[in-house]
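Input: a single structure, listed below in structure tokens.
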Amino acid sequence: MKTDVEPSLSVAPRIGWAEFEQALPGAVAGLRALSDAVNASGLDNGLTELLKVRVSQINGCAFCLKLHLDWARKAGVRDVQLDLVATWRDAACFNARQRAALRWAEALTAMAAAHVDDGAYAEVARQYTQRDVAALTAAIAAINAWNRIAGGLRFAPPGV
């Protein structure tokens, strides 16, 4: 059994977090402002962190996954939900509101490959107010942007 990382599968950062922030502080400020707007919306922080975990899993962003797992725990998201979020459709520990938000997050994250279907929107709109749907959509957009930055540049996961 081979335990070494393949040479072609480097995990070395291309640009570090600090270097990115220094090179493009306006981008960091803009994404933070988007996150601040979501936080000010009144949407449950545990829910948004759960969505960020799921989207980061889909996008394969180690930095964001580690960061948002830590933040989700601090926000009180249950370990069983963090353990099973990748299989939320088959796990009874998620309620209807969480399921609708997770479906919406997955639909928006995959929209380059598949059109966002009306069923995903209808489900999230049944569970949340229009303001909440807007906040969920902004949270999902923000984590997708961060995944592309942190994943593309291979930021080192915090504490690893």
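Labels for the structure tokens follow display order: chains A, B, ..., residues from 1 in each chain, ligands from 1.
If you count only C-alpha atoms and ignore residues fewer than 4 places along the chain from Cys93 (chain A), what sits within 12 Å of it is A:Val77, A:Arg78, A:Asp79, A:Val80, A:Gln81, A:Leu82, A:Asp83, A:Leu84, A:Val85, A:Thr87, A:Trp88, A:Arg89, A:Arg97, A:Gln98, A:Arg99.
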Any idea what's packed within 12 Å of Leu108 (chain A), counting only C-alpha atoms, ignoring anything in its chain fewer than 2 positions away? Could you give it as an NGL selection string? :A and (51 or 54-55 or 58-59 or 101-106 or 110-118 or 120-121 or 136-145)
Store the residues picked out above, limited to N, CA and C atoms, as an mmCIF file, in the first residue's frame.
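Heads up, here's the output in part.cif:
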```
data_model
loop_
_atom_site.group_PDB
_atom_site.id
_atom_site.type_symbol
_atom_site.label_atom_id
_atom_site.label_comp_id
_atom_site.auth_asym_id
_atom_site.auth_seq_id
_atom_site.Cartn_x
_atom_site.Cartn_y
_atom_site.Cartn_z
ATOM 1 N N LEU A 51 -24.419 24.608 5.628
ATOM 2 C CA LEU A 51 -24.412 24.757 4.177
ATOM 3 C C LEU A 51 -22.996 24.971 3.645
ATOM 4 N N ARG A 54 -21.217 21.684 3.536
ATOM 5 C CA ARG A 54 -21.646 20.840 2.419
ATOM 6 C C ARG A 54 -21.101 21.343 1.085
ATOM 7 N N VAL A 55 -21.188 22.637 0.851
ATOM 8 C CA VAL A 55 -20.688 23.200 -0.403
ATOM 9 C C VAL A 55 -19.178 23.004 -0.510
ATOM 10 N N ILE A 58 -18.487 19.483 -1.594
ATOM 11 C CA ILE A 58 -18.758 19.309 -3.026
ATOM 12 C C ILE A 58 -17.618 19.887 -3.859
ATOM 13 N N ASN A 59 -17.150 21.070 -3.485
ATOM 14 C CA ASN A 59 -16.120 21.756 -4.250
ATOM 15 C C ASN A 59 -14.709 21.266 -3.930
ATOM 16 N N ALA A 101 -32.792 23.698 2.488
ATOM 17 C CA ALA A 101 -31.619 24.562 2.335
ATOM 18 C C ALA A 101 -30.445 23.789 1.734
ATOM 19 N N LEU A 102 -30.245 22.554 2.153
ATOM 20 C CA LEU A 102 -29.170 21.738 1.588
ATOM 21 C C LEU A 102 -29.421 21.445 0.108
ATOM 22 N N ARG A 103 -30.671 21.165 -0.235
ATOM 23 C CA ARG A 103 -30.996 20.918 -1.650
ATOM 24 C C ARG A 103 -30.718 22.173 -2.471
ATOM 25 N N TRP A 104 -31.106 23.332 -1.940
ATOM 26 C CA TRP A 104 -30.877 24.600 -2.626
ATOM 27 C C TRP A 104 -29.374 24.851 -2.788
ATOM 28 N N ALA A 105 -28.617 24.594 -1.727
ATOM 29 C CA ALA A 105 -27.160 24.790 -1.786
ATOM 30 C C ALA A 105 -26.535 23.898 -2.854
ATOM 31 N N GLU A 106 -26.950 22.642 -2.908
ATOM 32 C CA GLU A 106 -26.400 21.725 -3.903
ATOM 33 C C GLU A 106 -26.801 22.147 -5.315
ATOM 34 N N ALA A 110 -24.049 23.318 -8.190
ATOM 35 C CA ALA A 110 -23.903 22.510 -9.404
ATOM 36 C C ALA A 110 -24.512 23.170 -10.640
ATOM 37 N N MET A 111 -24.849 24.434 -10.589
ATOM 38 C CA MET A 111 -25.597 25.033 -11.697
ATOM 39 C C MET A 111 -24.819 25.115 -12.999
ATOM 40 N N ALA A 112 -23.510 24.985 -12.982
ATOM 41 C CA ALA A 112 -22.762 24.945 -14.244
ATOM 42 C C ALA A 112 -23.015 23.639 -14.980
ATOM 43 N N ALA A 113 -23.307 22.585 -14.232
ATOM 44 C CA ALA A 113 -23.533 21.263 -14.833
ATOM 45 C C ALA A 113 -25.011 20.980 -15.082
ATOM 46 N N ALA A 114 -25.879 21.583 -14.283
ATOM 47 C CA ALA A 114 -27.315 21.310 -14.402
ATOM 48 C C ALA A 114 -28.097 22.560 -14.009
ATOM 49 N N HIS A 115 -29.098 22.875 -14.786
ATOM 50 C CA HIS A 115 -29.966 24.023 -14.509
ATOM 51 C C HIS A 115 -30.601 23.873 -13.124
ATOM 52 N N VAL A 116 -30.741 24.967 -12.403
ATOM 53 C CA VAL A 116 -31.389 24.942 -11.096
ATOM 54 C C VAL A 116 -32.878 24.713 -11.322
ATOM 55 N N ASP A 117 -33.348 23.558 -10.867
ATOM 56 C CA ASP A 117 -34.738 23.203 -11.156
ATOM 57 C C ASP A 117 -35.721 23.941 -10.253
ATOM 58 N N ASP A 118 -36.925 24.085 -10.761
ATOM 59 C CA ASP A 118 -37.968 24.797 -10.028
ATOM 60 C C ASP A 118 -38.347 24.090 -8.735
ATOM 61 N N ALA A 120 -36.368 22.610 -6.544
ATOM 62 C CA ALA A 120 -35.463 23.022 -5.466
ATOM 63 C C ALA A 120 -35.871 24.390 -4.932
ATOM 64 N N TYR A 121 -36.207 25.305 -5.851
ATOM 65 C CA TYR A 121 -36.647 26.626 -5.406
ATOM 66 C C TYR A 121 -37.975 26.546 -4.667
ATOM 67 N N LEU A 136 -29.973 32.897 2.193
ATOM 68 C CA LEU A 136 -29.410 31.577 1.894
ATOM 69 C C LEU A 136 -28.643 31.616 0.575
ATOM 70 N N THR A 137 -29.238 32.243 -0.427
ATOM 71 C CA THR A 137 -28.613 32.316 -1.744
ATOM 72 C C THR A 137 -27.297 33.092 -1.676
ATOM 73 N N ALA A 138 -27.284 34.188 -0.926
ATOM 74 C CA ALA A 138 -26.053 34.970 -0.770
ATOM 75 C C ALA A 138 -24.987 34.168 -0.017
ATOM 76 N N ALA A 139 -25.390 33.433 1.019
ATOM 77 C CA ALA A 139 -24.432 32.610 1.770
ATOM 78 C C ALA A 139 -23.816 31.542 0.877
ATOM 79 N N ILE A 140 -24.645 30.926 0.049
ATOM 80 C CA ILE A 140 -24.177 29.880 -0.865
ATOM 81 C C ILE A 140 -23.252 30.483 -1.926
ATOM 82 N N ALA A 141 -23.600 31.640 -2.436
ATOM 83 C CA ALA A 141 -22.751 32.315 -3.422
ATOM 84 C C ALA A 141 -21.397 32.657 -2.812
ATOM 85 N N ALA A 142 -21.408 33.151 -1.578
ATOM 86 C CA ALA A 142 -20.158 33.543 -0.927
ATOM 87 C C ALA A 142 -19.240 32.341 -0.713
ATOM 88 N N ILE A 143 -19.780 31.224 -0.224
ATOM 89 C CA ILE A 143 -18.904 30.076 0.020
ATOM 90 C C ILE A 143 -18.414 29.494 -1.291
ATOM 91 N N ASN A 144 -19.220 29.526 -2.333
ATOM 92 C CA ASN A 144 -18.731 29.069 -3.633
ATOM 93 C C ASN A 144 -17.580 29.950 -4.121
ATOM 94 N N ALA A 145 -17.679 31.245 -3.920
ATOM 95 C CA ALA A 145 -16.581 32.143 -4.304
ATOM 96 C C ALA A 145 -15.330 31.836 -3.486
#
```
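Restricting the calculation to only C-alpha atoms, the smallest distance between Trp17 (chain A) and any of A:Phe94, A:Tyr128, A:Phe155, A:Phe63 is found for A:Phe155.
Distances here use only C-alpha atoms; by that measure, the residue among A:Gln127, A:Ala62, A:Leu47, A:Thr109 closest to Ala150 (chain A) is A:Ala62.
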Nearest residue to Asp36 (chain A) out of A:Leu69, A:Leu50, A:Ala135, A:Ser56, using only C-alpha atoms?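 Looking at the shortest contact to Asp36 (chain A), the residue is A:Ala135.
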As an MDAnalysis selection string, please: the residues near Pro13 (chain A) (cut-off 12 Å, only C-alpha atoms, same-chain neighbours under 5 positions excluded). chainID A and resid 18:20 62:63 149:157
Just how far from CA of Ala122 (chain A) is CA of Gly46 (chain A), in Å to one decimal?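 For CA of Gly46 (chain A) relative to CA of Ala122 (chain A), the distance reads 22.5 Å.
CA of Gly60 (chain A) is positioned 9.5 Å from CA of Arg148 (chain A).
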Option closest in space to Arg73 (chain A), from A:Val160, A:Cys61, A:Asn45, A:Leu34 [counting only C-alpha atoms]: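 Checking each of A:Val160, A:Cys61, A:Asn45, A:Leu34 against Arg73 (chain A), counting only C-alpha atoms, the winner is A:Asn45.
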Using CA of Ala96 (chain A) and CA of Ala40 (chain A) as the two end points, give the distance in Å to one decimal. 23.4 Å
